[in-house]
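Data block for upload-v2.cif (mmCIF, C-alpha atoms):
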data_my_file
loop_
_atom_site.label_atom_id
_atom_site.label_comp_id
_atom_site.auth_asym_id
_atom_site.auth_seq_id
_atom_site.Cartn_x
_atom_site.Cartn_y
_atom_site.Cartn_z
CA MET F 1 -207.62 -120.24 139.76
CA ALA F 2 -208.75 -116.66 139.18
CA ARG F 3 -207.84 -115.19 135.83
CA LEU F 4 -204.66 -113.15 136.13
CA ARG F 5 -205.31 -109.50 135.64
CA PRO F 6 -203.07 -107.88 133.04
CA PRO F 7 -200.88 -105.00 134.18
CA ASP F 8 -202.42 -101.60 133.59
CA ILE F 9 -199.62 -99.68 131.98
CA PHE F 10 -202.16 -97.32 130.47
CA ASN F 11 -203.10 -96.00 133.90
CA THR F 12 -206.74 -96.26 132.92
CA LEU F 13 -207.92 -98.95 135.31
CA PRO F 14 -208.47 -98.62 139.05
CA GLU F 15 -205.49 -99.12 141.29
CA HIS F 16 -204.89 -102.79 142.02
CA PHE F 17 -201.57 -102.76 143.74
CA SER F 18 -201.12 -102.14 147.43
CA TRP F 19 -198.54 -99.42 147.79
CA THR F 20 -197.38 -100.35 151.24
CA ALA F 21 -194.42 -98.34 152.43
CA GLY F 22 -191.65 -100.36 154.00
CA GLY F 23 -188.08 -99.53 154.86
CA HIS F 24 -186.24 -96.33 154.08
CA MET F 25 -185.23 -96.71 150.45
CA TYR F 26 -185.56 -92.99 149.76
CA ALA F 27 -184.39 -91.37 152.95
CA GLN F 28 -183.43 -88.18 151.16
CA THR F 29 -186.01 -85.63 150.22
CA SER F 30 -186.45 -85.86 146.51
CA LEU F 31 -188.68 -84.87 143.65
CA LEU F 32 -189.79 -88.46 143.16
CA ARG F 33 -193.51 -88.94 143.50
CA ASP F 34 -194.85 -90.74 146.54
CA ASN F 35 -196.46 -93.58 144.57
CA LEU F 36 -193.15 -94.29 142.81
CA GLN F 37 -191.22 -94.35 146.09
CA ASP F 38 -193.85 -96.63 147.62
CA ALA F 39 -193.74 -98.92 144.59
CA HIS F 40 -189.98 -99.28 144.88
CA ARG F 41 -190.18 -100.05 148.60
CA GLU F 42 -192.85 -102.64 147.92
CA ALA F 43 -190.77 -104.23 145.16
CA TRP F 44 -187.79 -104.44 147.50
CA ARG F 45 -189.96 -106.07 150.17
CA LYS F 46 -191.25 -108.63 147.65
CA ILE F 47 -187.75 -109.43 146.41
CA GLY F 48 -186.90 -110.38 149.98
CA GLN F 49 -189.80 -112.86 150.16
CA PRO F 50 -189.90 -116.41 148.74
CA GLY F 51 -190.99 -116.33 145.12
CA ALA F 52 -192.73 -118.85 142.91
CA PHE F 53 -189.68 -121.02 142.23
CA LEU F 54 -186.80 -119.38 144.10
CA SER F 55 -186.23 -118.96 147.81
CA ALA F 56 -185.91 -115.47 149.24
CA ALA F 57 -182.16 -115.94 149.62
CA GLU F 58 -181.87 -116.96 145.96
CA ARG F 59 -183.97 -113.96 144.87
CA VAL F 60 -181.77 -111.55 146.77
CA ASP F 61 -178.72 -113.28 145.31
CA VAL F 62 -180.15 -112.74 141.81
CA VAL F 63 -180.26 -108.98 142.42
CA ARG F 64 -176.80 -108.97 143.98
CA THR F 65 -175.49 -110.96 141.01
CA ALA F 66 -177.04 -108.46 138.61
CA ARG F 67 -175.18 -105.68 140.37
CA GLU F 68 -171.84 -107.48 140.32
CA ALA F 69 -172.21 -108.01 136.57
CA LEU F 70 -171.44 -104.33 136.08
CA THR F 71 -167.88 -104.86 137.32
CA CYS F 72 -167.35 -108.30 135.74
CA LEU F 73 -164.25 -108.28 133.52
CA TYR F 74 -165.52 -111.15 131.37
CA CYS F 75 -168.77 -109.28 130.73
CA ALA F 76 -166.82 -106.17 129.73
CA GLU F 77 -164.68 -108.18 127.32
CA ARG F 78 -167.73 -109.91 125.87
CA LYS F 79 -169.61 -106.65 125.47
CA ALA F 80 -166.70 -105.23 123.48
CA ALA F 81 -166.49 -108.25 121.16
CA LEU F 82 -168.20 -108.30 117.76
CA SER F 83 -170.22 -111.29 118.92
CA PRO F 84 -170.96 -112.34 122.51
CA ASN F 85 -170.02 -115.87 121.48
CA ALA F 86 -166.57 -114.79 120.30
CA VAL F 87 -164.95 -114.75 123.74
CA GLU F 88 -164.70 -117.30 126.51
CA GLY F 89 -163.98 -116.72 130.16
CA GLU F 90 -165.27 -116.84 133.70
CA HIS F 91 -167.46 -114.35 135.43
CA THR F 92 -166.27 -112.28 138.36
CA THR F 93 -168.74 -113.47 140.96
CA ASP F 94 -169.40 -114.43 144.56
CA SER F 95 -172.84 -115.78 143.70
CA GLN F 96 -174.10 -119.08 145.08
CA LEU F 97 -176.36 -119.57 142.05
CA ALA F 98 -175.72 -122.16 139.33
CA PRO F 99 -173.11 -121.10 136.73
CA GLU F 100 -175.69 -121.08 133.94
CA VAL F 101 -177.94 -118.81 135.99
CA ILE F 102 -175.04 -116.48 136.78
CA ASP F 103 -174.25 -116.25 133.07
CA MET F 104 -177.90 -115.56 132.27
CA ILE F 105 -178.10 -112.76 134.82
CA HIS F 106 -174.82 -111.18 133.71
CA ARG F 107 -175.86 -111.21 130.06
CA LEU F 108 -179.29 -109.81 130.79
CA ARG F 109 -177.72 -107.03 132.87
CA THR F 110 -174.77 -106.11 130.64
CA ASP F 111 -175.63 -107.12 127.06
CA PRO F 112 -179.41 -107.47 126.64
CA GLY F 113 -179.46 -106.37 123.02
CA ARG F 114 -177.62 -109.48 121.82
CA LEU F 115 -179.74 -112.19 123.44
CA THR F 116 -180.99 -114.73 120.90
CA HIS F 117 -183.46 -117.57 120.80
CA ALA F 118 -180.63 -120.10 120.63
CA TRP F 119 -179.18 -118.61 123.83
CA PHE F 120 -182.60 -118.75 125.49
CA THR F 121 -182.97 -122.40 124.49
CA ARG F 122 -179.61 -123.26 126.04
CA VAL F 123 -180.51 -121.52 129.30
CA THR F 124 -183.93 -123.18 129.57
CA GLN F 125 -182.37 -126.60 129.11
CA VAL F 126 -180.84 -125.97 132.54
CA ILE F 127 -183.65 -124.11 134.32
CA SER F 128 -187.40 -124.28 133.76
CA GLN F 129 -189.17 -121.56 131.81
CA PRO F 130 -191.12 -120.39 134.89
CA THR F 131 -187.86 -120.07 136.82
CA TYR F 132 -186.38 -118.16 133.87
CA VAL F 133 -189.33 -115.77 133.93
CA GLU F 134 -188.95 -115.21 137.67
CA ILE F 135 -185.26 -114.37 137.23
CA VAL F 136 -186.01 -112.00 134.35
CA SER F 137 -188.51 -110.17 136.53
CA LEU F 138 -186.05 -109.87 139.41
CA VAL F 139 -183.20 -108.58 137.26
CA THR F 140 -185.31 -106.12 135.30
CA THR F 141 -187.02 -104.78 138.41
CA SER F 142 -183.66 -104.19 140.05
CA VAL F 143 -182.40 -102.51 136.88
CA ILE F 144 -185.20 -99.95 137.12
CA ILE F 145 -184.59 -99.24 140.80
CA ASP F 146 -180.81 -99.21 140.60
CA THR F 147 -180.72 -97.09 137.45
CA LEU F 148 -182.90 -94.44 139.02
CA HIS F 149 -180.92 -94.41 142.26
CA ASN F 150 -177.63 -94.03 140.44
CA ALA F 151 -179.00 -91.49 137.98
CA LEU F 152 -180.18 -89.25 140.81
CA GLY F 153 -176.93 -89.67 142.74
CA PHE F 154 -178.56 -91.51 145.64
CA GLY F 155 -176.28 -94.56 145.67
CA LEU F 156 -177.76 -98.04 145.62
CA PRO F 157 -180.21 -99.18 148.28
CA ALA F 158 -179.04 -101.99 150.56
CA LEU F 159 -180.31 -105.40 149.53
CA PRO F 160 -183.36 -106.66 151.38
CA LEU F 161 -182.90 -109.20 154.15
CA PRO F 162 -184.23 -112.53 152.83
CA ALA F 163 -187.22 -113.97 154.68
CA THR F 164 -187.66 -117.63 155.50
CA GLY F 165 -190.23 -119.85 153.80
CA GLN F 166 -190.68 -121.97 150.71
CA PRO F 167 -191.40 -120.92 147.11
CA THR F 168 -195.09 -121.05 146.28
CA GLY F 169 -194.74 -122.96 143.01
CA GLU F 170 -197.47 -120.77 141.52
CA GLN F 171 -197.59 -120.43 137.77
CA ASN F 172 -200.39 -119.38 135.47
CA PRO F 173 -202.01 -122.15 133.39
CA GLN F 174 -203.84 -119.58 131.26
CA VAL F 175 -200.98 -118.74 128.95
CA VAL F 176 -200.61 -119.17 125.21
CA ASP F 177 -197.92 -119.55 122.59
CA ASP F 178 -198.24 -116.26 120.70
CA GLY F 179 -194.85 -116.00 119.05
CA ALA F 180 -192.67 -115.13 122.05
CA TRP F 181 -189.92 -117.38 123.41
CA VAL F 182 -192.05 -118.10 126.48
CA PRO F 183 -195.79 -118.70 126.84
CA ILE F 184 -197.47 -115.35 127.52
CA LEU F 185 -200.63 -114.12 129.17
CA ASP F 186 -203.82 -115.03 127.32
CA VAL F 187 -205.90 -111.89 126.78
CA HIS F 188 -208.65 -110.56 124.55
CA LYS F 189 -207.04 -108.55 121.76
CA ALA F 190 -209.09 -105.36 121.82
CA MET F 191 -207.48 -102.17 120.51
CA ALA F 192 -206.96 -98.95 122.46
CA ASP F 193 -206.94 -95.44 121.02
CA THR F 194 -203.14 -95.40 121.27
CA GLY F 195 -202.91 -97.71 118.27
CA LEU F 196 -201.77 -100.53 120.52
CA PRO F 197 -203.84 -103.36 121.95
CA VAL F 198 -205.46 -102.65 125.32
CA VAL F 199 -202.97 -105.18 126.67
CA PRO F 200 -199.83 -104.94 124.49
CA ASN F 201 -197.59 -107.96 124.16
CA ILE F 202 -194.96 -106.54 126.50
CA ALA F 203 -197.53 -106.52 129.31
CA ARG F 204 -198.16 -110.22 128.66
CA ALA F 205 -194.51 -111.27 128.55
CA LEU F 206 -194.09 -112.34 132.19
CA GLY F 207 -197.61 -113.79 132.48
CA LEU F 208 -196.38 -117.34 133.01
CA VAL F 209 -195.55 -116.45 136.62
CA PRO F 210 -198.13 -114.12 138.25
CA SER F 211 -195.78 -112.91 141.00
CA ALA F 212 -193.11 -112.09 138.40
CA LEU F 213 -195.60 -110.05 136.38
CA ASP F 214 -196.78 -108.27 139.51
CA LEU F 215 -193.27 -107.49 140.72
CA PHE F 216 -192.08 -105.96 137.46
CA PHE F 217 -195.16 -103.95 136.50
CA GLY F 218 -195.79 -102.87 140.07
CA THR F 219 -192.39 -101.20 139.81
CA PHE F 220 -192.70 -99.96 136.23
CA ARG F 221 -196.20 -98.54 136.42
CA PRO F 222 -195.53 -95.25 138.26
CA HIS F 223 -192.71 -94.47 135.83
CA TYR F 224 -194.67 -94.23 132.61
CA ALA F 225 -198.04 -94.24 130.86
CA LEU F 226 -198.93 -94.64 127.21
CA LYS F 227 -201.12 -91.53 127.29
CA GLU F 228 -201.70 -88.60 129.61
CA ILE F 229 -198.43 -89.36 131.32
CA PRO F 230 -198.57 -88.15 134.94
CA LEU F 231 -195.15 -86.49 134.85
CA SER F 232 -193.86 -82.95 134.34
CA ILE F 233 -192.51 -83.77 130.88
CA SER F 234 -194.81 -84.09 127.88
CA GLN F 235 -195.87 -87.38 126.34
CA SER F 236 -193.63 -86.71 123.32
CA GLN F 237 -190.63 -85.96 125.54
CA ALA F 238 -191.24 -89.19 127.45
CA GLU F 239 -191.60 -91.13 124.20
CA PHE F 240 -188.35 -89.68 122.88
CA VAL F 241 -186.48 -90.73 126.03
CA ALA F 242 -188.11 -94.17 125.87
CA ALA F 243 -187.28 -94.59 122.19
CA ARG F 244 -183.66 -93.49 122.65
CA VAL F 245 -183.18 -95.92 125.54
CA SER F 246 -184.74 -98.70 123.49
CA ALA F 247 -182.38 -97.98 120.61
CA MET F 248 -179.35 -97.91 122.91
CA ASN F 249 -180.36 -101.27 124.32
CA GLU F 250 -180.93 -102.54 120.76
CA CYS F 251 -184.49 -103.49 121.63
CA PHE F 252 -186.71 -104.43 118.70
CA TYR F 253 -190.02 -104.27 120.56
CA MET A 1 -194.55 -95.61 116.95
CA LEU A 2 -195.64 -93.86 120.14
CA LEU A 3 -193.33 -90.95 119.40
CA ARG A 4 -194.98 -90.66 116.00
CA ALA A 5 -198.41 -90.77 117.63
CA SER A 6 -197.40 -88.04 120.08
CA SER A 7 -196.12 -85.98 117.19
CA GLU A 8 -199.47 -86.24 115.44
CA GLN A 9 -201.48 -85.51 118.58
CA GLU A 10 -199.41 -82.42 119.35
CA GLY A 11 -199.54 -81.21 115.76
CA LEU A 12 -195.76 -81.13 115.51
CA ASN A 13 -193.32 -82.86 113.22
CA TYR A 14 -190.72 -84.79 115.17
CA ASP A 15 -187.79 -86.46 113.45
CA LEU A 16 -188.07 -90.17 114.29
CA ASN A 17 -184.61 -90.79 112.84
CA ALA A 18 -183.15 -88.87 115.80
CA VAL A 19 -183.80 -91.96 117.89
CA THR A 20 -180.97 -93.79 116.15
CA SER A 21 -179.06 -90.96 114.44
CA LEU A 22 -177.15 -88.73 116.82
CA SER A 23 -176.70 -85.99 114.24
CA ARG A 24 -180.45 -85.38 113.94
CA ASP A 25 -182.46 -82.92 116.00
CA PRO A 26 -185.54 -84.74 117.27
CA GLY A 27 -187.56 -81.55 117.36
CA VAL A 28 -188.94 -82.47 120.76
CA PRO A 29 -188.68 -79.65 123.32
CA HIS A 30 -185.28 -79.92 125.05
CA GLY A 31 -184.60 -82.91 122.83
CA GLU A 32 -180.82 -82.65 122.93
CA MET A 33 -180.76 -82.40 126.73
CA LEU A 34 -183.17 -85.34 127.03
CA ARG A 35 -180.88 -87.35 124.79
CA ARG A 36 -177.82 -86.54 126.90
CA LEU A 37 -179.61 -87.44 130.13
CA ALA A 38 -180.92 -90.73 128.72
CA GLU A 39 -177.56 -91.73 127.29
CA ALA A 40 -175.64 -91.01 130.49
CA ALA A 41 -178.17 -93.01 132.52
CA ILE A 42 -178.13 -96.03 130.22
CA GLN A 43 -174.36 -96.02 129.80
CA GLY A 44 -173.90 -95.84 133.57
CA ASP A 45 -171.93 -92.61 133.28
CA TRP A 46 -172.79 -91.53 136.81
CA LEU A 47 -170.01 -88.97 137.11
CA GLY A 48 -170.98 -87.39 133.82
CA LEU A 49 -174.59 -87.40 134.85
CA ALA A 50 -173.77 -85.74 138.17
CA GLU A 51 -172.15 -82.92 136.20
CA LEU A 52 -174.95 -82.76 133.66
CA ARG A 53 -177.90 -82.72 136.07
CA PRO A 54 -177.40 -79.16 137.46
CA HIS A 55 -177.06 -77.78 133.95
CA ALA A 56 -180.12 -79.71 132.81
CA GLU A 57 -182.07 -78.41 135.80
CA GLN A 58 -181.28 -74.84 134.74
CA VAL A 59 -182.39 -75.52 131.19
CA MET A 60 -185.43 -77.72 131.80
CA GLY A 61 -186.32 -77.50 135.49
CA ALA A 62 -185.46 -79.87 138.33
CA GLN A 63 -188.71 -81.82 138.29
CA GLN A 64 -188.44 -82.33 134.54
CA VAL A 65 -184.92 -83.75 134.89
CA VAL A 66 -186.08 -86.19 137.55
CA ASP A 67 -189.02 -87.23 135.42
CA ALA A 68 -186.90 -87.73 132.31
CA LEU A 69 -184.58 -89.99 134.30
CA THR A 70 -187.61 -91.77 135.73
CA VAL A 71 -188.69 -92.72 132.21
CA ALA A 72 -185.15 -93.69 131.21
CA ALA A 73 -184.83 -96.00 134.22
CA ALA A 74 -188.14 -97.66 133.42
CA PHE A 75 -187.16 -98.36 129.83
CA ASN A 76 -183.76 -99.64 130.88
CA GLY A 77 -185.76 -102.36 132.62
CA ILE A 78 -188.62 -103.03 130.24
CA THR A 79 -186.40 -103.32 127.17
CA ARG A 80 -184.70 -106.22 128.96
CA VAL A 81 -188.07 -107.89 129.52
CA ALA A 82 -188.70 -107.69 125.79
CA ASP A 83 -185.20 -108.83 124.84
CA ALA A 84 -185.25 -111.77 127.27
CA THR A 85 -188.68 -113.07 126.30
CA GLY A 86 -188.52 -112.56 122.53
CA ILE A 87 -191.84 -110.78 122.65
CA PRO A 88 -193.12 -110.04 119.13
CA LEU A 89 -194.38 -106.69 117.95
CA ASP A 90 -198.08 -106.13 118.40
CA ASP A 91 -199.92 -106.90 115.18
CA ASN A 92 -200.92 -103.32 114.41
CA THR A 93 -197.43 -102.04 115.13
CA ALA A 94 -195.88 -104.65 112.88
CA GLN A 95 -198.20 -103.66 110.03
CA THR A 96 -198.01 -99.89 110.34
CA THR A 97 -194.35 -99.29 111.15
CA GLN A 98 -192.52 -101.28 108.49
CA ASP A 99 -191.19 -98.24 106.66
CA MET A 100 -190.36 -96.37 109.85
CA ARG A 101 -188.43 -99.35 111.25
CA ALA A 102 -186.46 -99.66 108.04
CA ASP A 103 -185.77 -95.91 107.81
CA THR A 104 -184.55 -95.61 111.38
CA GLY A 105 -182.47 -98.81 111.34
CA ILE A 106 -184.54 -100.50 114.01
CA THR A 107 -184.96 -103.54 111.76
CA GLN A 108 -181.39 -104.53 112.60
CA PHE A 109 -182.58 -105.18 116.16
CA SER A 110 -185.09 -107.88 115.11
CA TYR A 111 -184.70 -111.29 116.70
CA GLN A 112 -184.03 -112.86 113.32
CA ALA A 113 -181.32 -110.37 112.50
CA LYS A 114 -179.67 -110.90 115.89
CA SER A 115 -179.73 -114.66 115.48
CA ALA A 116 -178.13 -114.32 112.06
CA ARG A 117 -175.40 -112.07 113.46
CA TYR A 118 -174.60 -113.71 116.77
CA ASP A 119 -175.50 -117.44 116.69
#
How does this structure look as structure tokens?
Amino acid sequence: MARLRPPDIFNTLPEHFSWTAGGHMYAQTSLLRDNLQDAHREAWRKIGQPGAFLSAAERVDVVRTAREALTCLYCAERKAALSPNAVEGEHTTDSQLAPEVIDMIHRLRTDPGRLTHAWFTRVTQVISQPTYVEIVSLVTTSVIIDTLHNALGFGLPALPLPATGQPTGEQNPQVVDDGAWVPILDVHKAMADTGLPVVPNIARALGLVPSALDLFFGTFRPHYALKEIPLSISQSQAEFVAARVSAMNECFY
Amino acid sequence: MLLRASSEQEGLNYDLNAVTSLSRDPGVPHGEMLRRLAEAAIQGDWLGLAELRPHAEQVMGAQQVVDALTVAAAFNGITRVADATGIPLDDNTAQTTQDMRADTGITQFSYQAKSARYD
């Protein structure tokens, strides 16, 4: 198996994603750059295809379930509690996914800052770690796309129509235990002039499942760069927005 | 850490505590407007954001507003990747940002601290 290439969130390596336009996700004229619009369309197309461990229908259901979490009364009550373990209840859902998976998706969507290793261990006693990674990629990719749509007043794009076919079963054997909850991409730890490694840990996090890594960072990449950011705001302005969002989501990394 | 690096590269002195303290001026150009845009987007305050956007466009420019929200959307996703995978800080970051993390209150977001609070 070819070595999995790490995602280039520095925007310093040649393009390696195919930005194939598909569908009409951004029908309105907007100030969004073409490569970002194409990346979102490509992500939506991929979500509608069979994944590594989930069928296309299950993948689309994951995104739909992530959306419904925002109106789930139990999630709202849990978010307001001092501890997420302090309240019990049932999710508001039409999902066909397993209850444990529904709970995982709702928590990741509505209360990510209070996930713990003990919670992760409970979830991965029910689903495999590669399946967990695939779901994380689907939810987080949809969070990016949905947040931007809502923020710009576009309304949410319609869910992709699921394709037929079987999951590929592909996972990456070249992963290591490097202190994360899941095995992460094995890379050489060279340093960049940003003060971070050339491949920071966050870019290795979904490395257990190559298609999950590709889906998320294919979506994320046109949004941000660690230096010489290709946007109209300065690097420091982008870093301030990023840091404020990280603090609001109670993210340590 | 990257905000600090930007501050050094641009020869300016940004207040890193503004990331977690709402009463502080970050010192970044249009910092207060960037904060309001980011917070509305992450809190899902779409009606508030619809009212804020035209004002922000007058202050900052329309393309700048879109780009600020583009970054906010990206970090609304990537923070969840970090939180869901328990990804550790990169070695250099862990070594060089101890004081900054303590000063800004970010230490309370560590996986160990969350486990102690919530499990």
Kindly assemble as a Markdown table a list of the stretch 35-99 of chain A residues that lie within 7 Å of stretch 179-188 of chain F, each paired with its nearest atom pair and their distance in Å to one decimal, using all atoms listed in the file, sorted first by chain and then by ascending residue number.
| residue | atom | partner | partner_atom | distance |
| --- | --- | --- | --- | --- |
| A:Thr85 | CA | F:Trp181 | CA | 5.3 |
| A:Gly86 | CA | F:Ala180 | CA | 4.9 |
| A:Ile87 | CA | F:Ala180 | CA | 4.5 |
| A:Pro88 | CA | F:Ala180 | CA | 5.9 |
Carefully work through the PyMOL selection byres ((chain F) within 6 of (chain A)) for this structure and note down the residues it includes, as a ChimeraX atom specification.
-> /F:83,112,116,140,143-144,147-148,151,180-181,220,223,232-233,236,239,242,244,250-253
Output file for the selection above: C-alpha atoms, as a JSON list (two decimals), keeping the file's coordinate frame:
[["chain", "number", "residue", "atom", "x", "y", "z"],
["F", 83, "SER", "CA", -170.22, -111.29, 118.92],
["F", 112, "PRO", "CA", -179.41, -107.47, 126.64],
["F", 116, "THR", "CA", -180.99, -114.73, 120.90],
["F", 140, "THR", "CA", -185.31, -106.12, 135.30],
["F", 143, "VAL", "CA", -182.40, -102.51, 136.88],
["F", 144, "ILE", "CA", -185.20, -99.95, 137.12],
["F", 147, "THR", "CA", -180.72, -97.09, 137.45],
["F", 148, "LEU", "CA", -182.90, -94.44, 139.02],
["F", 151, "ALA", "CA", -179.00, -91.49, 137.98],
["F", 180, "ALA", "CA", -192.67, -115.13, 122.05],
["F", 181, "TRP", "CA", -189.92, -117.38, 123.41],
["F", 220, "PHE", "CA", -192.70, -99.96, 136.23],
["F", 223, "HIS", "CA", -192.71, -94.47, 135.83],
["F", 232, "SER", "CA", -193.86, -82.95, 134.34],
["F", 233, "ILE", "CA", -192.51, -83.77, 130.88],
["F", 236, "SER", "CA", -193.63, -86.71, 123.32],
["F", 239, "GLU", "CA", -191.60, -91.13, 124.20],
["F", 242, "ALA", "CA", -188.11, -94.17, 125.87],
["F", 244, "ARG", "CA", -183.66, -93.49, 122.65],
["F", 250, "GLU", "CA", -180.93, -102.54, 120.76],
["F", 251, "CYS", "CA", -184.49, -103.49, 121.63],
["F", 252, "PHE", "CA", -186.71, -104.43, 118.70],
["F", 253, "TYR", "CA", -190.02, -104.27, 120.56]]
Would you mind listing what lies within 8 Å of F:Thr131 as a JSON list (two decimals) with C-alpha atoms, in the frame of the given file, with all atoms listed in the file counted and same-chain residues fewer than 2 positions away left out?
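Output file part_22.json follows:
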[["chain", "number", "residue", "atom", "x", "y", "z"],
["F", 52, "ALA", "CA", -192.73, -118.85, 142.91],
["F", 53, "PHE", "CA", -189.68, -121.02, 142.23],
["F", 54, "LEU", "CA", -186.80, -119.38, 144.10],
["F", 127, "ILE", "CA", -183.65, -124.11, 134.32],
["F", 128, "SER", "CA", -187.40, -124.28, 133.76],
["F", 129, "GLN", "CA", -189.17, -121.56, 131.81],
["F", 133, "VAL", "CA", -189.33, -115.77, 133.93],
["F", 134, "GLU", "CA", -188.95, -115.21, 137.67],
["F", 135, "ILE", "CA", -185.26, -114.37, 137.23]]
Extract, using all atoms listed in the file, all DNA, RNA and protein residues at most 9 Å from F:Glu90, discarding same-chain residues fewer than 5 positions from it, and format them as a CSV table (one decimal) with C-alpha atoms, in the coordinates of the input.
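After the write, part12.csv holds the following:
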chain,number,residue,atom,x,y,z
F,73,LEU,CA,-164.2,-108.3,133.5
F,74,TYR,CA,-165.5,-111.2,131.4
F,75,CYS,CA,-168.8,-109.3,130.7
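Atom CA of F:Pro173 lies 26.3 Å from atom CA of F:Leu115.
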Smallest atom-to-atom distance to F:Thr219: which of F:Arg59, F:Arg107, F:His40, F:Lys79, using all atoms listed in the file?
-> F:His40
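Among the candidates F:Thr110, F:Gln171, F:Gln49, F:Thr141, the residue lying nearest to F:Pro210 is F:Gln171 (atoms considered: only C-alpha atoms).
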Specify the axis-aligned box that encloses all atoms of stretch 84-101 of chain A listed in the file after padding of 5 Å on each side, stating its centre and edge lengths in Å to one decimal as AutoDock Vina command-line options.
--center_x -193.1 --center_y -104.7 --center_z 117.0 --size_x 25.7 --size_y 26.7 --size_z 30.6
